[in-house]
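Participant: Below is one structure. I have some questions about it.
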There are 8 protein chains.
Amino acid sequence: MDRNALIDILGKVRSGEIDGEAASDAIEALTYEDIGFARVDHARAHRQGFPEVIYGEGKSSDQIVGILAKLLDTAPNLLVTRTSESVFNEVKGLMPDAEWHPSARLIRIMRDDTERGIGDIAIVTAGTTDIPVAEEAALTAEAMGNRVTRIWDAGVAGIHRILSQRETLRDARVVVVAAGMEGALPSVVGGLVAVPVIAVPTSVGYGMSLNGVAAVLGMLNSCSSNVTVVNVDNGFGAGFVASLINRKWTPPAK
Amino acid sequence: MDRNALIDILGKVRSGEIDGEAASDAIEALTYEDIGFARVDHARAHRQGFPEVIYGEGKSSDQIVGILAKLLDTAPNLLVTRTSESVFNEVKGLMPDAEWHPSARLIRIMRDDTERGIGDIAIVTAGTTDIPVAEEAALTAEAMGNRVTRIWDAGVAGIHRILSQRETLRDARVVVVAAGMEGALPSVVGGLVAVPVIAVPTSVGYGMSLNGVAAVLGMLNSCSSNVTVVNVDNGFGAGFVASLINRKWTPPAK
Amino acid sequence: MDRNALIDILGKVRSGEIDGEAASDAIEALTYEDIGFARVDHARAHRQGFPEVIYGEGKSSDQIVGILAKLLDTAPNLLVTRTSESVFNEVKGLMPDAEWHPSARLIRIMRDDTERGIGDIAIVTAGTTDIPVAEEAALTAEAMGNRVTRIWDAGVAGIHRILSQRETLRDARVVVVAAGMEGALPSVVGGLVAVPVIAVPTSVGYGMSLNGVAAVLGMLNSCSSNVTVVNVDNGFGAGFVASLINRKWTPPAK
Amino acid sequence: MDRNALIDILGKVRSGEIDGEAASDAIEALTYEDIGFARVDHARAHRQGFPEVIYGEGKSSDQIVGILAKLLDTAPNLLVTRTSESVFNEVKGLMPDAEWHPSARLIRIMRDDTERGIGDIAIVTAGTTDIPVAEEAALTAEAMGNRVTRIWDAGVAGIHRILSQRETLRDARVVVVAAGMEGALPSVVGGLVAVPVIAVPTSVGYGMSLNGVAAVLGMLNSCSSNVTVVNVDNGFGAGFVASLINRKWTPPAK
Amino acid sequence: MDRNALIDILGKVRSGEIDGEAASDAIEALTYEDIGFARVDHARAHRQGFPEVIYGEGKSSDQIVGILAKLLDTAPNLLVTRTSESVFNEVKGLMPDAEWHPSARLIRIMRDDTERGIGDIAIVTAGTTDIPVAEEAALTAEAMGNRVTRIWDAGVAGIHRILSQRETLRDARVVVVAAGMEGALPSVVGGLVAVPVIAVPTSVGYGMSLNGVAAVLGMLNSCSSNVTVVNVDNGFGAGFVASLINRKWTPPAK
Amino acid sequence: MDRNALIDILGKVRSGEIDGEAASDAIEALTYEDIGFARVDHARAHRQGFPEVIYGEGKSSDQIVGILAKLLDTAPNLLVTRTSESVFNEVKGLMPDAEWHPSARLIRIMRDDTERGIGDIAIVTAGTTDIPVAEEAALTAEAMGNRVTRIWDAGVAGIHRILSQRETLRDARVVVVAAGMEGALPSVVGGLVAVPVIAVPTSVGYGMSLNGVAAVLGMLNSCSSNVTVVNVDNGFGAGFVASLINRKWTPPAK
Amino acid sequence: MDRNALIDILGKVRSGEIDGEAASDAIEALTYEDIGFARVDHARAHRQGFPEVIYGEGKSSDQIVGILAKLLDTAPNLLVTRTSESVFNEVKGLMPDAEWHPSARLIRIMRDDTERGIGDIAIVTAGTTDIPVAEEAALTAEAMGNRVTRIWDAGVAGIHRILSQRETLRDARVVVVAAGMEGALPSVVGGLVAVPVIAVPTSVGYGMSLNGVAAVLGMLNSCSSNVTVVNVDNGFGAGFVASLINRKWTPPAK
Amino acid sequence: MDRNALIDILGKVRSGEIDGEAASDAIEALTYEDIGFARVDHARAHRQGFPEVIYGEGKSSDQIVGILAKLLDTAPNLLVTRTSESVFNEVKGLMPDAEWHPSARLIRIMRDDTERGIGDIAIVTAGTTDIPVAEEAALTAEAMGNRVTRIWDAGVAGIHRILSQRETLRDARVVVVAAGMEGALPSVVGGLVAVPVIAVPTSVGYGMSLNGVAAVLGMLNSCSSNVTVVNVDNGFGAGFVASLINRKWTPPAK
């Protein structure tokens, strides 16, 4: 709990500025606000560049538009992931500046383009079928104030494809790698750079790819120590974490 | 490839300063040095604070001492993970400044304590049995120049234990969370902070914990978007990535 | 076997009140009635507040209506789970007091609202997508004579959401928690209360949630000792067991 | 948060009875005490019949004795699970009233035998090899103030064995069933009683029993709606939940 | 190889009755006919009561009719499994005596009703949703010359249902049990009879039934030693093996 | 229930031959004796050639000898499976006619060698490492009154090995096939004979044999319809079922 | 790197024939061309008989035609796998010599029929439902300049079917075997030949075939040492590797 | 069957050179010799360079020496895999030219060093812990008459390590790649060469490597089409198949 704020309230109680009831409310508010930083204090989150995100899967067009309508005034940047063009068409009526990204099946509204990263985020895919997931990561990272470099179709079976991108990779503060099938690319990329690599397994593949399980296992067992893993097809999560890594950060005053 | 260095060599060829044979060698060296940054150029890696790491499992005492002997002169900081006290006793003869960390079963030699992080790394465990894995992460992070805050035994079944550490958590640039069994703690921690959380599943548990598989699945499915995952019991990897996230970084000159 | 009833029959045999054939029938009836309490003796079950339940999945509209028609006279309360609005529309013609619960896809007919619980049942979900399963539990518990408190969308990534409900949770005699993805919420709730927690894994999630397997594993490995688990999406079972726990119970006379 | 206690503190602040610093401490204590009922307030937990439990696996004899020594004064009842006779021998020196239960590999100290249950708890095993797990459940339930009825070796391949216990089963307020291999017994028992059945899968079996996975799956898919499941070999958990179900309970005053 | 037949051919070679070419052909025919009893010699198979079976899944109506047309003259009994009513309608034009069994989705043509079993085959289901699989077994067994007793909906949650059928079960030479979910019924039936029990796991269930995997595991781990298992939903296989067990058999003359 | 026996008791009640108390006992005995044929009525089981079987795994030498001592007088044939030579040495003191079978790790006592089969049982292994499991099946079948033909090391990689045994296989009333690794042999044998094939997966193999799981899957998916499967390494079960199939059987009088 | 080519470039630099910029480009090209033989230098690949292959799954008709149009001039042989007849109809307009293979759902264009194999490739299926996968392998092998012998429907349940093909199998330089269900055929074929066997598991089967997992496990555990395995349904890969094995090959000049 | 040999026998029958009995024997011998090429005709196998191989795991020293003693006279080359130095010491007494290979735990006797390959076999490992498996492959290939190039410790995390071996790799007729953990190296190697790559997953790793399952999945899903897979740790199989691919082969005369 924020002790200073608490003592401040208590001071007002003592001085009679506020009564017990009001003080109770204030203290309870303090308690809850205190827990769960980003989610509770929307205003603060937005000021710090966290977009509002709606997971579109299983939500009706009406539901999405309804949620967006409420967020419209406060949230500068908005993402709707895993949605469809028909939803976009309805959203567009409400928010003319909404963008439709067909590959990632994502709606984005960007009103705040403050740059918040200290470097670039490189996003790489093994194949062209991994692009939708990678694109979700890229659009998320951009919405959080990052410059993104896209490197598509650089899988390990043609190793020159990723090697020819070495300089770009090494300029990045963090790298996201999306790969399905055997999920080998993050290990190779991890060996080329000295920064964190976020591996996103994709459900690309067939047979023993087991809908992404093979890629997950491959990535968790990576022989490169700088690789961490998110859930299958979780491009949003990868872009989100990459943004947190890249963002300018100053230690808290004590 | 480093184009400037290449053109430089070519200039020397043209001027006759070096002959074709020597130029070939130089260009090939350029090619290979160019690939795999941290691993090839040990000197550079050490200057940047990367320790030498020996994975002790399955290596004999002789093998470990042998490797250490070679690294002694060049590597300022050294780690031997997953080893035993008897190995340490032999190492100690060779390197009197070696430290033995029984919980993590890790030998550490620290000669370079340059601070390389921009903030603190918080390392949290769900239970006391997760401490060896967390301690491996902590010792690694320290060897890479970071200040580490340890928060042990803060599992979700007694939620006040982690909540009472909120301020410490929020001061951190990155948080590592080690948990076995259901692996729920990273999600809770992830909701309390606005920085990356590295989740380390541990093999702690029995029955349907399936030696850490349950924790892996729990963490990959985390409802907190800032959570990424490493392999079961991979404390070293978690500490390594956390260090990369926390380290001072300047964009490359172009 | 009910020894008193048996001796009674034998007395009648001896007295010649009934013949051997009739006695045989009566004794066999005694045997079978004796086995499987709730299911055989519908009247007794209904008097004790057990509703009739039809598992709707895979049953045609005609089949469901046919079964309902037979139960109409005897069963005070009836549930049809996993059904559809079109089935409801047919049922409604037959039973005008039938209720349609779209979220849970459940038809309920409540004619007996005797209160049979000694306290409240709290039912909690981690996310909004878990509500259909939780609602099935809630409607079942109500049909069995319980007061239910619903707490929706209190997942662990925003820990304040569940903490703000502590008092409600502690007033409950038993808590049902429905969660998908990593299934972490039951552990947190389990730590907040001193009563049984019934965890219902849901198939909510994607990728490595493996259609609820991740949540099942998480819940079976819960570090809170008061948590037990039912099958994926089995809201009915959770509501049923919660009702059995909450119901007024008197030890059998001996 | 306990609003009355809070207002009480505020009243004292206003009246100057306590200063801001002390009030801050009191409010923070209120907050944390408030979270995690049973664990924080040991005294209250003990008054309500919750024993102290030490999970012995992986703990040294010294560690266990050390923990016990601290708990000796306050905790009336104590359990050490998954331990060994050699540990017991050391404990015995410290606490002469300690009991050793070889089958369950459990040390128990019972000083408070207040009866806290409203009925009996029946504990059943499918085979004799399931007894250690069931005995752990039984000893736990007894330590929590319950009368326990043990029914050993009543597996479904000889169905008369469980049927001959029908009356005993029906007298129970809750039934615990421990079974390995196919884990079928809970379904049969579930059909015989109208109370909750806690199913404990055991690791008994070989080959495709997969160390208890087959039993877990069988129990989660039980066709009896009153069955819930705990982790493999988790006798303690089963006894704990059964005790919570059986315990006398009065609704909170409002 | 049939040595008598071979010597017979050789005799004819020696006597000049057939030439080398013809003898070679005859000997090769002998070799291949010799391998794979039932399949090669259709006439012999049919005389012994083996029906022709067409696995309908994935075959077009035309393909099935085409195969049937060829078999029409020689095979007395025919089965088409996993097919549809529309296929049946075409078949019916070709073979007016074809029967359509909607529950099992099976077409049957029976022209030979010789009784070939020494006793009855009892076929049991746990629930009503298991009937299609059980019916496939029953229809197969009948087509192979067996008397079949059907016992539907006798699952273990209402144990009296199967117990009331004890006498019928004990009259059977072999019992087939189809069950989904936890697959517990075969174990109970196995304990009631002293003959082989063929367990057919069905894909009935949801969640952790994992499309029949739970039932397979349950049945393979049966504590009744007379239980063997076939593939999920393989009613045909169960009926086939049961018929082989029940059939009159005389030891080969030597 | 045995209706004739029941009417007989009732007659005695009516005639006053027995009183109500005695009649109650007799009827209850009738009920329980009636359930679970083979297990309850040991005398009848033994007369019909069922041996007593002790599963030795996890039982101490004392326990086994203790059980055997009780069975000595009544059971003609006895098996102790999964035991050790040291146990045998103790048993031998008690029962000098006990046999030790080192390969199967099985103790056998055979006093009744009545032939109860109508044909031979062929038992086949794929490799030599499968022999222990197959031998357990063979010794069991012999103890149940069967003639057994052993065919060892006839795996599919050298197909002539099994083909050269065709005539032996075809003389058998039932075939048991033990195989590890890919578990392919039962399918081949199944195609060669027209009788039931009991497939016993063994844990022989390494890597992706997954301790017998690969063999189980192979056998359940057998393309030969006469194959059924028992648990991994369950030689006893296979021999038991094979004996039930082979045994002389007469339909019950009605 | 090709040292001769490099020295050649350096010679030109020295002689002033090319400047530093051009030399840099040439050396970089040398580096990348050097990595990833077949893929980079299309012309060389085509000269050596490697066809262009388009994986059709998930690609639109337009995309496929677009890619084909680009390859038209340079690639003599082309394959589109996992496509549909409607795509073929569009392709046909563009390339009248395109062939449609409905079973394999594959479009092939063959303009270069140079024979490149030293022997035949035999391709075998266990059942008729495995043919599409096997046909994909066959068409691929033909497009790479091989003579292919097709042996369909020779599964192990009728062992004579594969034995009757022994001579054909033994004439082959390499054998491909496609099988679903238990995947046993490769082991049998492996035992009949002294050349490599490429096993292709297919997703044919139901229940515990687990969409090909059972076949994969069976094949990886093959007791025939000459068997290697590719992914489920990967007919293309099998045909590709078989072609590499069969192709005329001369050791590189040194 | 060998038709010429058969006609030859028949000719002798006709001419009376041999009688019917002898002819029967000869024809049966023809049949069996005909099936299972390499295994039956040891002499022929040895002439063609197939060594005798004894799988040592689970075999006693006596058993191995016993088998070797029998093979001594006929087999030029012999391998004992998965054995121990103590077995070697006994073997050495019998066969002084036996070699002990400690890394692979393999005994080899080489008396025939005829070169039978048309090129080299390259064998690669990802890490040093994969060497034992790779060495088993190498020693096998050498025993079958191949020149082997060993490339150790060239894992993908340091991509320059494998790239620096490109020329060696491209000189090879076939490449074997042993890798544990994520199993990514075969894909990279597959992209560098135009010959078959045999991937050997190893059990090297921890946690989610699941004892080699992760590597198996990675390799089966390889994006390089020239990769096939053998069982975990199956170095022998990999060396065996590589030898079959590399061996000089001439098409059979027709």
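By order of appearance in the structure tokens: chains A, B, ..., then residues from 1 within every chain, and ligands from 1 in the order shown.
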As a list in words, could you give me every residue of chain A near chain H (at most 6 Å apart, counting only C-alpha atoms)?

Facilitator: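 Listed by rising number, the hits are Val156, Ala157, Gly158, Met181, Glu182, Ala184, Ser187, Val188, Gly191, Ala214, Leu217, Gly218, Asn221, Ser222 and Ser224 of chain A.
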
Participant: Store the residues picked out above in a file with N, CA and C atoms, as a CSV table (one decimal), in the first residue's frame.

Facilitator:
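Contents of part_9.csv, freshly written:
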```csv
chain,number,residue,atom,x,y,z
A,156,VAL,N,15.3,-22.0,-41.4
A,156,VAL,CA,16.6,-22.6,-41.3
A,156,VAL,C,17.0,-23.5,-42.5
A,157,ALA,N,16.0,-24.0,-43.2
A,157,ALA,CA,16.4,-24.8,-44.3
A,157,ALA,C,17.2,-24.1,-45.4
A,158,GLY,N,17.1,-22.8,-45.4
A,158,GLY,CA,17.9,-22.0,-46.3
A,158,GLY,C,18.6,-20.9,-45.4
A,181,MET,N,6.2,-25.8,-37.4
A,181,MET,CA,6.9,-27.0,-37.7
A,181,MET,C,7.9,-27.4,-36.5
A,182,GLU,N,9.2,-27.5,-36.9
A,182,GLU,CA,10.2,-27.8,-35.8
A,182,GLU,C,10.6,-26.7,-34.9
A,184,ALA,N,12.8,-24.3,-35.2
A,184,ALA,CA,14.3,-24.2,-35.0
A,184,ALA,C,14.9,-22.8,-35.1
A,187,SER,N,16.5,-20.7,-32.1
A,187,SER,CA,17.8,-21.1,-31.7
A,187,SER,C,18.9,-20.5,-32.5
A,188,VAL,N,18.7,-20.5,-33.8
A,188,VAL,CA,19.7,-19.9,-34.7
A,188,VAL,C,19.8,-18.4,-34.5
A,191,GLY,N,21.6,-17.5,-31.4
A,191,GLY,CA,23.1,-17.6,-31.5
A,191,GLY,C,23.7,-16.4,-32.2
A,214,ALA,N,5.0,-29.4,-31.3
A,214,ALA,CA,6.4,-29.7,-31.7
A,214,ALA,C,7.2,-28.4,-31.6
A,217,LEU,N,7.9,-27.4,-27.9
A,217,LEU,CA,8.9,-28.2,-27.3
A,217,LEU,C,10.3,-27.8,-27.8
A,218,GLY,N,10.4,-27.6,-29.2
A,218,GLY,CA,11.6,-27.2,-29.7
A,218,GLY,C,12.2,-25.9,-29.1
A,221,ASN,N,13.3,-26.1,-25.5
A,221,ASN,CA,14.6,-26.8,-25.4
A,221,ASN,C,15.7,-26.1,-26.1
A,222,SER,N,15.5,-24.9,-26.5
A,222,SER,CA,16.5,-24.2,-27.3
A,222,SER,C,17.9,-24.2,-26.7
A,224,SER,N,20.0,-22.1,-27.3
A,224,SER,CA,20.5,-20.7,-27.1
A,224,SER,C,19.8,-20.2,-25.8
```

Participant: Enumerate as a PDB file with N, CA, C and O atoms, in the first residue's frame all residues of stretch 132-232 of chain E assigned to strand (DSSP E) by DSSP on the backbone, naming them with the chain letters and numbers the document uses.

Facilitator:
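Below is the file that was written, selection_32.pdb:
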```pdb
ATOM      1  N   ARG E 147     -26.265 -66.340 -31.556  1.00  0.00           N
ATOM      2  CA  ARG E 147     -27.397 -65.747 -30.831  1.00  0.00           C
ATOM      3  C   ARG E 147     -26.850 -64.656 -29.921  1.00  0.00           C
ATOM      4  O   ARG E 147     -25.866 -64.874 -29.206  1.00  0.00           O
ATOM      5  N   VAL E 148     -27.489 -63.498 -29.935  1.00  0.00           N
ATOM      6  CA  VAL E 148     -26.974 -62.357 -29.180  1.00  0.00           C
ATOM      7  C   VAL E 148     -28.018 -61.868 -28.179  1.00  0.00           C
ATOM      8  O   VAL E 148     -29.185 -61.752 -28.520  1.00  0.00           O
ATOM      9  N   THR E 149     -27.590 -61.601 -26.955  1.00  0.00           N
ATOM     10  CA  THR E 149     -28.458 -60.977 -25.961  1.00  0.00           C
ATOM     11  C   THR E 149     -27.992 -59.552 -25.739  1.00  0.00           C
ATOM     12  O   THR E 149     -26.827 -59.320 -25.436  1.00  0.00           O
ATOM     13  N   ARG E 150     -28.889 -58.604 -25.911  1.00  0.00           N
ATOM     14  CA  ARG E 150     -28.521 -57.195 -25.759  1.00  0.00           C
ATOM     15  C   ARG E 150     -28.922 -56.682 -24.380  1.00  0.00           C
ATOM     16  O   ARG E 150     -30.074 -56.834 -23.974  1.00  0.00           O
ATOM     17  N   ILE E 151     -27.993 -56.033 -23.693  1.00  0.00           N
ATOM     18  CA  ILE E 151     -28.274 -55.404 -22.396  1.00  0.00           C
ATOM     19  C   ILE E 151     -27.808 -53.963 -22.479  1.00  0.00           C
ATOM     20  O   ILE E 151     -26.613 -53.676 -22.412  1.00  0.00           O
ATOM     21  N   ALA E 172     -23.895 -66.583 -20.741  1.00  0.00           N
ATOM     22  CA  ALA E 172     -23.202 -66.282 -22.000  1.00  0.00           C
ATOM     23  C   ALA E 172     -21.844 -66.980 -22.069  1.00  0.00           C
ATOM     24  O   ALA E 172     -21.182 -67.182 -21.047  1.00  0.00           O
ATOM     25  N   ARG E 173     -21.445 -67.320 -23.294  1.00  0.00           N
ATOM     26  CA  ARG E 173     -20.121 -67.913 -23.524  1.00  0.00           C
ATOM     27  C   ARG E 173     -19.044 -66.845 -23.559  1.00  0.00           C
ATOM     28  O   ARG E 173     -17.870 -67.106 -23.316  1.00  0.00           O
ATOM     29  N   VAL E 174     -19.450 -65.617 -23.889  1.00  0.00           N
ATOM     30  CA  VAL E 174     -18.527 -64.495 -23.977  1.00  0.00           C
ATOM     31  C   VAL E 174     -19.366 -63.225 -23.866  1.00  0.00           C
ATOM     32  O   VAL E 174     -20.535 -63.210 -24.274  1.00  0.00           O
ATOM     33  N   VAL E 175     -18.784 -62.181 -23.282  1.00  0.00           N
ATOM     34  CA  VAL E 175     -19.517 -60.929 -23.102  1.00  0.00           C
ATOM     35  C   VAL E 175     -18.749 -59.800 -23.774  1.00  0.00           C
ATOM     36  O   VAL E 175     -17.515 -59.718 -23.653  1.00  0.00           O
ATOM     37  N   VAL E 176     -19.478 -58.950 -24.497  1.00  0.00           N
ATOM     38  CA  VAL E 176     -18.903 -57.721 -25.055  1.00  0.00           C
ATOM     39  C   VAL E 176     -19.451 -56.559 -24.249  1.00  0.00           C
ATOM     40  O   VAL E 176     -20.656 -56.507 -23.996  1.00  0.00           O
ATOM     41  N   VAL E 177     -18.577 -55.633 -23.825  1.00  0.00           N
ATOM     42  CA  VAL E 177     -19.038 -54.470 -23.059  1.00  0.00           C
ATOM     43  C   VAL E 177     -18.546 -53.198 -23.725  1.00  0.00           C
ATOM     44  O   VAL E 177     -17.335 -52.991 -23.868  1.00  0.00           O
ATOM     45  N   ALA E 178     -19.484 -52.350 -24.137  1.00  0.00           N
ATOM     46  CA  ALA E 178     -19.143 -51.066 -24.753  1.00  0.00           C
ATOM     47  C   ALA E 178     -19.368 -49.958 -23.746  1.00  0.00           C
ATOM     48  O   ALA E 178     -20.457 -49.842 -23.180  1.00  0.00           O
ATOM     49  N   ALA E 179     -18.341 -49.147 -23.519  1.00  0.00           N
ATOM     50  CA  ALA E 179     -18.474 -48.057 -22.545  1.00  0.00           C
ATOM     51  C   ALA E 179     -17.540 -46.917 -22.908  1.00  0.00           C
ATOM     52  O   ALA E 179     -16.428 -47.137 -23.385  1.00  0.00           O
ATOM     53  N   VAL E 197     -14.292 -61.346 -21.465  1.00  0.00           N
ATOM     54  CA  VAL E 197     -15.019 -60.087 -21.662  1.00  0.00           C
ATOM     55  C   VAL E 197     -14.237 -59.248 -22.670  1.00  0.00           C
ATOM     56  O   VAL E 197     -13.061 -58.952 -22.452  1.00  0.00           O
ATOM     57  N   ILE E 198     -14.895 -58.908 -23.775  1.00  0.00           N
ATOM     58  CA  ILE E 198     -14.271 -58.027 -24.772  1.00  0.00           C
ATOM     59  C   ILE E 198     -14.734 -56.618 -24.489  1.00  0.00           C
ATOM     60  O   ILE E 198     -15.924 -56.312 -24.595  1.00  0.00           O
ATOM     61  N   ALA E 199     -13.813 -55.737 -24.112  1.00  0.00           N
ATOM     62  CA  ALA E 199     -14.164 -54.361 -23.790  1.00  0.00           C
ATOM     63  C   ALA E 199     -13.981 -53.483 -25.019  1.00  0.00           C
ATOM     64  O   ALA E 199     -12.923 -53.500 -25.637  1.00  0.00           O
ATOM     65  N   VAL E 200     -15.023 -52.723 -25.367  1.00  0.00           N
ATOM     66  CA  VAL E 200     -14.941 -51.769 -26.488  1.00  0.00           C
ATOM     67  C   VAL E 200     -15.036 -50.366 -25.937  1.00  0.00           C
ATOM     68  O   VAL E 200     -16.124 -49.908 -25.579  1.00  0.00           O
ATOM     69  N   PRO E 201     -13.933 -49.644 -25.873  1.00  0.00           N
ATOM     70  CA  PRO E 201     -14.023 -48.251 -25.460  1.00  0.00           C
ATOM     71  C   PRO E 201     -14.783 -47.464 -26.525  1.00  0.00           C
ATOM     72  O   PRO E 201     -14.607 -47.713 -27.728  1.00  0.00           O
ATOM     73  N   VAL E 227     -10.554 -59.485 -18.961  1.00  0.00           N
ATOM     74  CA  VAL E 227     -10.919 -58.388 -19.867  1.00  0.00           C
ATOM     75  C   VAL E 227      -9.819 -58.160 -20.899  1.00  0.00           C
ATOM     76  O   VAL E 227      -8.647 -58.033 -20.546  1.00  0.00           O
ATOM     77  N   THR E 228     -10.192 -58.127 -22.187  1.00  0.00           N
ATOM     78  CA  THR E 228      -9.266 -57.669 -23.228  1.00  0.00           C
ATOM     79  C   THR E 228      -9.929 -56.533 -23.981  1.00  0.00           C
ATOM     80  O   THR E 228     -11.137 -56.352 -23.906  1.00  0.00           O
ATOM     81  N   VAL E 229      -9.137 -55.792 -24.743  1.00  0.00           N
ATOM     82  CA  VAL E 229      -9.599 -54.507 -25.252  1.00  0.00           C
ATOM     83  C   VAL E 229      -9.378 -54.417 -26.764  1.00  0.00           C
ATOM     84  O   VAL E 229      -8.389 -54.943 -27.283  1.00  0.00           O
TER      85      VAL E 229
END
```

Participant: List as a PyMOL selection string the protein and nucleic acid residues near stretch 110-125 of chain G, meaning an atom at most 9 Å away when only C-alpha atoms are counted, but skip any in the same chain fewer than 5 places from it.

Facilitator: (chain G and resi 48-49+51+75-79+97-99+130-131+133-135+137-138+141-155+162+168-169+171-179+185+239+242-249) or (chain H and resi 249-252)

Participant: Quick check for you: according to DSSP on this backbone, which residues of stretch 48-235 of chain D are classed as alpha helix (DSSP H)? Reply as a ChimeraX atom specification.

Facilitator: /D:61-71,85-94,131-143,160-163,166-171,185-192,213-220,235

Participant: Rounded to one decimal in Å, what is the spacing between atom CA of A:Ser203 and atom CA of A:Asn234?

Facilitator: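 Atom CA of A:Ser203 sits 10.1 Å away from atom CA of A:Asn234.
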